[in-house]
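Colleague: Take a look at this one; I'll ask things after.
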2 protein chains.
Amino acid sequence: MPARGPQRLGCAIKNRQQTKPATIKEVAKELGLSVATISRALIHPELLKNDTRVRVLAAIERLGYQPNLMARDLRLRESRLIFVVVPSLSPFFLEVFRGVERAARECGYMVLMGHTERDPDREKLFLDQVASRRADGIILVTSADACALADSKRRIPPIVAALETIDNQDLPTVRVDHNQAAFDATNHLLSLGHTKIAHIGGPPLAPMAIHRRQGFERALAAAGLDPFGLPCPAGNFTTAFGEEGMQLLLDHSPRPTAVFAANDEIAVGAIQTIKRAGLTVGKDISVIGYDDQRIASLYDPPLTTIRVPTEELGYQSMLKLNAVLKDEVIIRDVVLPTTLVVRSTTGPATQSLGSNREH
Amino acid sequence: MPARGPQRLGCAIKNRQQTKPATIKEVAKELGLSVATISRALIHPELLKNDTRVRVLAAIERLGYQPNLMARDLRLRESRLIFVVVPSLSPFFLEVFRGVERAARECGYMVLMGHTERDPDREKLFLDQVASRRADGIILVTSADACALADSKRRIPPIVAALETIDNQDLPTVRVDHNQAAFDATNHLLSLGHTKIAHIGGPPLAPMAIHRRQGFERALAAAGLDPFGLPCPAGNFTTAFGEEGMQLLLDHSPRPTAVFAANDEIAVGAIQTIKRAGLTVGKDISVIGYDDQRIASLYDPPLTTIRVPTEELGYQSMLKLNAVLKDEVIIRDVVLPTTLVVRSTTGPATQSLGSNREH
DNA sequence: TTGAAAGCGATACCAT
DNA sequence: ATGGTATCGCTTTCAA
């Protein structure tokens, strides 16, 4: 921790000139009014005589009074806070968060973000937080452990599942159809003439990864191809695993001419491996990703992928949670559309390069 | 909003089986004890007779009682919440957030994230939130408007500045030395033999961008070069601006042989433009970025850049805020080291390509 | 070792 | 139009 900066050098000192904030009582005393009147000036100004309203507002300004939200929240039995719980702090979930936050602002909520790293205990922790009234509701962008929710003695909190349904819980949901999107992605490869198509999958237990794999297999089967003709690696949604999975595929004979990666991270990793092997992406081997993260369009070559409306997903989820909290009638299951985005990592199948030399 | 999914189709229904949670009073009644005892069972279990403690804990479990945090917080005058305020929701700040969150967890806090889009009003809004006791403190990863803080009638909240000092406010700070890091970056280019070095800067008003520019100019001046020999575009920390700024530089004669971009986003944009012009990065033109975001190592070619310890910055900031909140003695200004990471976008200056044909 | 009660700082009901 | 006061659910003296 070197302090080589040219500016002021660190010096140990004490802190905090604690002038504590004015309370409603102090404002009331200042004006010889009751606390009720002060409260009303803020909440129902129309109930006050014009003159007093002005006086109260002036005093509030003068004393720098700001209502204590803890007290207000306790009284009103709401925190105006909601949780969004994601599996990990990745740019992908940041997009979802952005949408949630935007809607939350419109609805008068603030957002706490929690990440679980897919640990069921951590999921439970966040549910407990709303049981403890730290927040009014929760948006789960994660494959919540059904058990955590099923815990009978715990009241089910106001909750919305985003991105993915949650096992047999029949929760309000805003999601995409991963199965269908994977089907579309695979068909894109098929339509390019590829027949030796492999899949590098996500975490074997993540529902989202499972549905993508199913869509992949469904498309191959529909085309009369054997979905199990090639190795089918499955692992984390990371570039590291993408590299590893692709290596496995390259070592296999016959080598695939096209790969559907379960997300963009994996796709990028796969491409790194392909490049390293001296092969050309989009020519020797086609790769399609999933998510359309920012890196997809910036990458070289730009990545063909499935666009997921991440921000919209977050936005809609929060609107729905708001509706749930207001006890409004909602559409329980909303499915947002995905789009195939064709860029440069996929191209027509070529006959010449279907197999590799080593075998 | 098509619902083409194979699963359950959306159907409008009502919600919320509102079983409201048990209160401390109910637990007390259940056992014929006073609420004080229940409270103590959770907070100071050692004060209870062994037998009653067991009975109370059992009842708490049985009733699924969870203390209402709004009530507890009001009583204790703390929310155990802190704010981290960033200029924008980018992957860069997500890293900082990750560090904050980790430390917060260790210290028993939860984190609210706010973004200002560099709007002083929004900065003030978050300061007001802690004045309203929505949160106990605030970490500013943003060039807070000095005015917002200076507002005299508003008590200065417990606050830590991260990444960058804030104008003449003398706040507790955890930062890096942008000036020095920019100096190092420029020297790297200089040591490669470059003499026509340009800078594509960040937002002209962002202190962080200003300090980087100053470091750049200082290095050139120290090498006896004219820092103002080339255009010096300045704009947002985005790839879009990087592309634009680089175009400006390419249109200039003589064209620079090396560019120091104010951050990785700008660097990536610049490289896109360079590629599009048919030039080779690291050969015809060298580019160095700043931040070492994830994309830097994934990019093709991998980006030479300045590594900023983002997560550590967040982590240390939260630890410091915690110390401030506990009224402990702190080192006011901590500077974390940056590192030059040499990858493939910088290379030796070549004589041959110093100027472009169009002029 | 336990209980009674004050109080945290608001809001809103019921009076006047 | 304004005031008095119960209340939200908890923690913590102070007494017993």
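To be explicit about the labels: the chains of the structure tokens are called A, B, and onward in the order shown, and within each one the residues are counted from 1, while ligands get numbers from 1 in the order they are shown.
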Give me, as a PyMOL selection string, the residues of chain D touching chain B, with the criterion being at most 8 Å (counting only C-alpha atoms (C1' of nucleotides)).
Modeller: chain D and resi 8-11
Colleague: Determine, using only C-alpha atoms (C1' of nucleotides), which residues of chain C have any atom at most 12 Å from an atom of chain A, and tabulate each with its shortest atom pair and distance in Å to one decimal place, rows ordered by chain and then rising number, as a tab-separated table.
Modeller:
residue	atom	partner	partner_atom	distance
C:DC8	C1'	A:Ala71	CA	7.7
C:DG9	C1'	A:Ala71	CA	5.0
C:DA10	C1'	A:Ala71	CA	4.7
C:DT11	C1'	A:Arg75	CA	6.4
C:DA12	C1'	A:Ala36	CA	8.6
C:DC13	C1'	A:Ala36	CA	11.1
Colleague: Restricted to N, CA and C atoms (P, O5', C5', C4', C3', O3' and C1' of nucleotides), what would the selected residues look like written as a PDB file, in the first residue's frame?
Modeller:
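Final output, result-v7.pdb:
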ATOM      1  P    DC C   8     -36.533   8.895  22.178  1.00  0.00           P
ATOM      2  O5'  DC C   8     -35.858   8.441  20.830  1.00  0.00           O
ATOM      3  C5'  DC C   8     -34.855   7.433  20.756  1.00  0.00           C
ATOM      4  C4'  DC C   8     -35.075   6.633  19.502  1.00  0.00           C
ATOM      5  C3'  DC C   8     -35.784   7.408  18.403  1.00  0.00           C
ATOM      6  O3'  DC C   8     -34.810   7.997  17.547  1.00  0.00           O
ATOM      7  C1'  DC C   8     -36.629   5.146  18.624  1.00  0.00           C
ATOM      8  P    DG C   9     -34.892   9.576  17.288  1.00  0.00           P
ATOM      9  O5'  DG C   9     -36.046   9.678  16.204  1.00  0.00           O
ATOM     10  C5'  DG C   9     -35.833   9.056  14.950  1.00  0.00           C
ATOM     11  C4'  DG C   9     -37.138   9.025  14.220  1.00  0.00           C
ATOM     12  C3'  DG C   9     -37.817  10.392  14.077  1.00  0.00           C
ATOM     13  O3'  DG C   9     -38.174  10.514  12.722  1.00  0.00           O
ATOM     14  C1'  DG C   9     -39.350   8.809  14.854  1.00  0.00           C
ATOM     15  P    DA C  10     -38.503  11.922  12.046  1.00  0.00           P
ATOM     16  O5'  DA C  10     -39.414  11.433  10.866  1.00  0.00           O
ATOM     17  C5'  DA C  10     -40.775  11.480  10.899  1.00  0.00           C
ATOM     18  C4'  DA C  10     -41.377  10.122  10.666  1.00  0.00           C
ATOM     19  C3'  DA C  10     -42.828  10.217  10.263  1.00  0.00           C
ATOM     20  O3'  DA C  10     -42.926   9.995   8.881  1.00  0.00           O
ATOM     21  C1'  DA C  10     -42.531   8.677  12.095  1.00  0.00           C
ATOM     22  P    DT C  11     -44.183  10.679   8.153  1.00  0.00           P
ATOM     23  O5'  DT C  11     -45.389   9.725   8.584  1.00  0.00           O
ATOM     24  C5'  DT C  11     -45.395   8.382   8.144  1.00  0.00           C
ATOM     25  C4'  DT C  11     -46.709   7.738   8.529  1.00  0.00           C
ATOM     26  C3'  DT C  11     -47.944   8.442   7.999  1.00  0.00           C
ATOM     27  O3'  DT C  11     -48.839   7.431   7.565  1.00  0.00           O
ATOM     28  C1'  DT C  11     -48.067   8.298  10.349  1.00  0.00           C
ATOM     29  P    DA C  12     -50.124   7.772   6.669  1.00  0.00           P
ATOM     30  O5'  DA C  12     -51.292   7.607   7.727  1.00  0.00           O
ATOM     31  C5'  DA C  12     -51.415   6.380   8.448  1.00  0.00           C
ATOM     32  C4'  DA C  12     -52.517   6.534   9.458  1.00  0.00           C
ATOM     33  C3'  DA C  12     -53.734   7.295   8.921  1.00  0.00           C
ATOM     34  O3'  DA C  12     -54.879   6.758   9.545  1.00  0.00           O
ATOM     35  C1'  DA C  12     -52.883   8.454  10.745  1.00  0.00           C
ATOM     36  P    DC C  13     -56.241   6.699   8.733  1.00  0.00           P
ATOM     37  O5'  DC C  13     -57.256   6.323   9.906  1.00  0.00           O
ATOM     38  C5'  DC C  13     -56.841   5.435  10.938  1.00  0.00           C
ATOM     39  C4'  DC C  13     -57.251   5.991  12.291  1.00  0.00           C
ATOM     40  C3'  DC C  13     -58.646   6.610  12.308  1.00  0.00           C
ATOM     41  O3'  DC C  13     -59.425   6.024  13.333  1.00  0.00           O
ATOM     42  C1'  DC C  13     -57.043   8.090  13.267  1.00  0.00           C
TER      43       DC C  13
END
Colleague: Report, in Å with one decimal, the straight-line distance from atom CA of Thr345 of chain B to atom CA of Ile271 of chain B.
Modeller: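 Those two atoms sit 8.8 Å apart.
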Colleague: Please extract the residues of segment 206-313 of chain A with a backbone DSSP assignment of alpha helix (DSSP H) and present them as a ChimeraX atom specification.
Modeller: /A:207-222,239-250,264-276,294-298,310-313
Colleague: Convert the current residue selection to file output with C-alpha atoms, as a PDB file, in the first residue's frame.
Modeller:
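The result, stored in again_6.pdb:
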ATOM      1  CA  PRO A 207     -32.020 -25.268 -15.687  1.00  0.00           C
ATOM      2  CA  MET A 208     -31.079 -22.601 -18.201  1.00  0.00           C
ATOM      3  CA  ALA A 209     -28.194 -24.749 -19.454  1.00  0.00           C
ATOM      4  CA  ILE A 210     -30.396 -27.820 -19.549  1.00  0.00           C
ATOM      5  CA  HIS A 211     -33.026 -26.110 -21.662  1.00  0.00           C
ATOM      6  CA  ARG A 212     -30.438 -24.894 -24.120  1.00  0.00           C
ATOM      7  CA  ARG A 213     -29.047 -28.355 -24.495  1.00  0.00           C
ATOM      8  CA  GLN A 214     -32.533 -29.732 -25.037  1.00  0.00           C
ATOM      9  CA  GLY A 215     -33.228 -27.208 -27.768  1.00  0.00           C
ATOM     10  CA  PHE A 216     -29.969 -28.188 -29.405  1.00  0.00           C
ATOM     11  CA  GLU A 217     -30.803 -31.872 -29.317  1.00  0.00           C
ATOM     12  CA  ARG A 218     -34.311 -31.235 -30.540  1.00  0.00           C
ATOM     13  CA  ALA A 219     -33.042 -29.360 -33.599  1.00  0.00           C
ATOM     14  CA  LEU A 220     -30.563 -32.073 -34.505  1.00  0.00           C
ATOM     15  CA  ALA A 221     -33.164 -34.776 -34.060  1.00  0.00           C
ATOM     16  CA  ALA A 222     -35.607 -32.817 -36.215  1.00  0.00           C
ATOM     17  CA  THR A 239     -14.058 -18.585 -21.256  1.00  0.00           C
ATOM     18  CA  ALA A 240     -11.770 -20.994 -19.436  1.00  0.00           C
ATOM     19  CA  PHE A 241     -14.264 -23.761 -19.819  1.00  0.00           C
ATOM     20  CA  GLY A 242     -14.909 -22.769 -23.409  1.00  0.00           C
ATOM     21  CA  GLU A 243     -11.224 -23.275 -24.194  1.00  0.00           C
ATOM     22  CA  GLU A 244     -11.201 -26.618 -22.467  1.00  0.00           C
ATOM     23  CA  GLY A 245     -14.391 -27.858 -24.094  1.00  0.00           C
ATOM     24  CA  MET A 246     -13.232 -26.832 -27.534  1.00  0.00           C
ATOM     25  CA  GLN A 247      -9.953 -28.637 -27.077  1.00  0.00           C
ATOM     26  CA  LEU A 248     -11.892 -31.799 -26.334  1.00  0.00           C
ATOM     27  CA  LEU A 249     -13.811 -31.324 -29.556  1.00  0.00           C
ATOM     28  CA  LEU A 250     -10.695 -30.680 -31.612  1.00  0.00           C
ATOM     29  CA  ASP A 264     -20.847 -16.011 -25.276  1.00  0.00           C
ATOM     30  CA  GLU A 265     -18.155 -16.546 -22.682  1.00  0.00           C
ATOM     31  CA  ILE A 266     -17.845 -20.167 -23.662  1.00  0.00           C
ATOM     32  CA  ALA A 267     -17.939 -19.184 -27.322  1.00  0.00           C
ATOM     33  CA  VAL A 268     -15.078 -16.740 -26.877  1.00  0.00           C
ATOM     34  CA  GLY A 269     -13.036 -19.358 -25.065  1.00  0.00           C
ATOM     35  CA  ALA A 270     -13.756 -21.850 -27.831  1.00  0.00           C
ATOM     36  CA  ILE A 271     -12.637 -19.368 -30.448  1.00  0.00           C
ATOM     37  CA  GLN A 272      -9.386 -18.723 -28.599  1.00  0.00           C
ATOM     38  CA  THR A 273      -8.660 -22.434 -28.773  1.00  0.00           C
ATOM     39  CA  ILE A 274      -9.604 -22.605 -32.431  1.00  0.00           C
ATOM     40  CA  LYS A 275      -7.305 -19.718 -33.261  1.00  0.00           C
ATOM     41  CA  ARG A 276      -4.521 -21.277 -31.268  1.00  0.00           C
ATOM     42  CA  ARG A 294     -21.207  -6.619 -25.314  1.00  0.00           C
ATOM     43  CA  ILE A 295     -18.069  -8.540 -26.094  1.00  0.00           C
ATOM     44  CA  ALA A 296     -19.897 -10.398 -28.873  1.00  0.00           C
ATOM     45  CA  SER A 297     -19.988  -7.413 -31.208  1.00  0.00           C
ATOM     46  CA  LEU A 298     -16.570  -6.122 -30.171  1.00  0.00           C
ATOM     47  CA  THR A 310     -31.421  -8.719 -20.714  1.00  0.00           C
ATOM     48  CA  GLU A 311     -32.272  -5.211 -19.704  1.00  0.00           C
ATOM     49  CA  GLU A 312     -35.867  -5.632 -20.752  1.00  0.00           C
ATOM     50  CA  LEU A 313     -36.019  -8.814 -18.731  1.00  0.00           C
TER      51      LEU A 313
END
Colleague: At a cut-off of 12 Å, using only C-alpha atoms (C1' of nucleotides), what residues contact segment 3-6 of chain C? Leave out same-chain residues fewer than 5 positions from it and give the result as a list in words.
Modeller: Ala28, Gly32, Leu33, Ser34, Val35, Ala36, Thr37, Ile38 and Arg75 of chain B; DT11, DT12, DT13, DC14, DA15 and DA16 of chain D
Colleague: Where does DSSP see strand (DSSP E or B) in segment 30-150 of chain B, if you list the residues as a PyMOL selection string?
Modeller: chain B and resi 81-86+110-115+137-140
Colleague: Would you mind exporting N, CA and C atoms of the selected residues as a PDB file, in the first residue's frame?
Modeller:
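Below is the file again_26.pdb, written as the result:
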ATOM      1  N   LEU B  81     -26.996  -0.801   6.187  1.00  0.00           N
ATOM      2  CA  LEU B  81     -26.994  -0.693   4.733  1.00  0.00           C
ATOM      3  C   LEU B  81     -26.001   0.390   4.363  1.00  0.00           C
ATOM      4  N   ILE B  82     -25.301   0.224   3.286  1.00  0.00           N
ATOM      5  CA  ILE B  82     -24.471   1.311   2.781  1.00  0.00           C
ATOM      6  C   ILE B  82     -24.725   1.482   1.282  1.00  0.00           C
ATOM      7  N   PHE B  83     -24.416   2.650   0.822  1.00  0.00           N
ATOM      8  CA  PHE B  83     -24.567   2.951  -0.591  1.00  0.00           C
ATOM      9  C   PHE B  83     -23.214   2.914  -1.275  1.00  0.00           C
ATOM     10  N   VAL B  84     -23.177   2.391  -2.479  1.00  0.00           N
ATOM     11  CA  VAL B  84     -22.008   2.641  -3.322  1.00  0.00           C
ATOM     12  C   VAL B  84     -22.535   3.322  -4.576  1.00  0.00           C
ATOM     13  N   VAL B  85     -21.972   4.484  -4.828  1.00  0.00           N
ATOM     14  CA  VAL B  85     -22.463   5.314  -5.921  1.00  0.00           C
ATOM     15  C   VAL B  85     -21.433   5.384  -7.028  1.00  0.00           C
ATOM     16  N   VAL B  86     -21.820   4.929  -8.205  1.00  0.00           N
ATOM     17  CA  VAL B  86     -20.907   4.912  -9.346  1.00  0.00           C
ATOM     18  C   VAL B  86     -21.461   5.799 -10.455  1.00  0.00           C
ATOM     19  N   MET B 110     -25.195  -4.687   4.047  1.00  0.00           N
ATOM     20  CA  MET B 110     -25.641  -4.973   2.697  1.00  0.00           C
ATOM     21  C   MET B 110     -25.479  -3.693   1.881  1.00  0.00           C
ATOM     22  N   VAL B 111     -25.427  -3.875   0.558  1.00  0.00           N
ATOM     23  CA  VAL B 111     -25.014  -2.776  -0.301  1.00  0.00           C
ATOM     24  C   VAL B 111     -26.087  -2.363  -1.308  1.00  0.00           C
ATOM     25  N   LEU B 112     -26.383  -1.098  -1.317  1.00  0.00           N
ATOM     26  CA  LEU B 112     -27.248  -0.525  -2.342  1.00  0.00           C
ATOM     27  C   LEU B 112     -26.363   0.131  -3.393  1.00  0.00           C
ATOM     28  N   MET B 113     -26.651  -0.152  -4.656  1.00  0.00           N
ATOM     29  CA  MET B 113     -25.827   0.467  -5.692  1.00  0.00           C
ATOM     30  C   MET B 113     -26.633   1.537  -6.418  1.00  0.00           C
ATOM     31  N   GLY B 114     -26.036   2.699  -6.525  1.00  0.00           N
ATOM     32  CA  GLY B 114     -26.681   3.772  -7.266  1.00  0.00           C
ATOM     33  C   GLY B 114     -25.762   4.257  -8.367  1.00  0.00           C
ATOM     34  N   HIS B 115     -26.341   4.701  -9.455  1.00  0.00           N
ATOM     35  CA  HIS B 115     -25.497   5.282 -10.498  1.00  0.00           C
ATOM     36  C   HIS B 115     -26.027   6.661 -10.857  1.00  0.00           C
ATOM     37  N   GLY B 137     -23.956   4.850   5.455  1.00  0.00           N
ATOM     38  CA  GLY B 137     -22.792   5.527   4.898  1.00  0.00           C
ATOM     39  C   GLY B 137     -22.773   5.374   3.402  1.00  0.00           C
ATOM     40  N   ILE B 138     -21.732   5.934   2.802  1.00  0.00           N
ATOM     41  CA  ILE B 138     -21.733   5.972   1.350  1.00  0.00           C
ATOM     42  C   ILE B 138     -20.313   5.910   0.810  1.00  0.00           C
ATOM     43  N   ILE B 139     -20.153   5.144  -0.238  1.00  0.00           N
ATOM     44  CA  ILE B 139     -18.873   5.087  -0.942  1.00  0.00           C
ATOM     45  C   ILE B 139     -19.070   5.737  -2.297  1.00  0.00           C
ATOM     46  N   LEU B 140     -18.348   6.794  -2.536  1.00  0.00           N
ATOM     47  CA  LEU B 140     -18.475   7.510  -3.801  1.00  0.00           C
ATOM     48  C   LEU B 140     -17.377   7.080  -4.760  1.00  0.00           C
TER      49      LEU B 140
END
Colleague: From the options A:Pro120, A:Gly278, A:Pro301, A:Pro87, which residue's atoms come nearest to chain B, counting only C-alpha atoms?
Modeller: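 Ranked by minimum distance to chain B, first place goes to A:Pro301.
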Colleague: Give me the residues within 12 Å of DC14 of chain C as a list in words, counting only C-alpha atoms (C1' of nucleotides) and dropping any in the same chain fewer than 4 places off.
Modeller: DG3, DG4, DT5 and DA6 of chain D
Colleague: Can you work out the spacing between atom CA of Leu189 of chain A and atom CA of Asp177 of chain A in Å, to one decimal?
Modeller: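 Atom CA of Asp177 of chain A lies at a distance of 18.9 Å from atom CA of Leu189 of chain A.
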Colleague: Which residues are close to Arg307 of chain B, i.e. within 8 Å by only C-alpha atoms (C1' of nucleotides), leaving aside same-chain residues fewer than 5 positions away? Reply as a VMD selection string.
Modeller: chain B and resid 290 to 293 338 to 341
Colleague: Write the residues of the selection above to a file with N, CA and C atoms, as a CSV table (one decimal), in the first residue's frame.
Modeller:
chain,number,residue,atom,x,y,z
B,290,TYR,N,-6.2,1.5,-20.4
B,290,TYR,CA,-6.1,1.8,-19.0
B,290,TYR,C,-7.3,1.2,-18.3
B,291,ASP,N,-7.0,0.4,-17.3
B,291,ASP,CA,-8.0,-0.3,-16.4
B,291,ASP,C,-7.8,-1.8,-16.3
B,292,ASP,N,-7.3,-2.3,-17.5
B,292,ASP,CA,-7.3,-3.8,-17.6
B,292,ASP,C,-8.6,-4.4,-17.3
B,293,GLN,N,-9.6,-4.0,-18.0
B,293,GLN,CA,-10.9,-4.7,-17.9
B,293,GLN,C,-10.7,-6.1,-18.5
B,338,THR,N,-0.8,0.6,-9.2
B,338,THR,CA,-1.2,0.2,-10.5
B,338,THR,C,-0.1,-0.6,-11.2
B,339,THR,N,-0.4,-1.3,-12.2
B,339,THR,CA,0.7,-2.1,-12.9
B,339,THR,C,0.6,-1.9,-14.4
B,340,LEU,N,1.8,-1.8,-15.0
B,340,LEU,CA,1.8,-1.9,-16.5
B,340,LEU,C,1.7,-3.3,-16.9
B,341,VAL,N,0.7,-3.6,-17.8
B,341,VAL,CA,0.6,-5.0,-18.3
B,341,VAL,C,0.8,-4.9,-19.8
Colleague: Just checking: using only C-alpha atoms, which residue out of B:Phe237, B:Tyr299, B:Phe183, B:Phe93 ends up closest to chain A?
Modeller: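 Residue with the minimum atom-to-atom distance to chain A: B:Tyr299.
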Colleague: To one decimal place in Å, what is the distance between atom CA of Asp51 of chain A and atom CA of Asp128 of chain B?
Modeller: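 We find that atom CA of Asp51 of chain A and atom CA of Asp128 of chain B lie 27.0 Å from each other.
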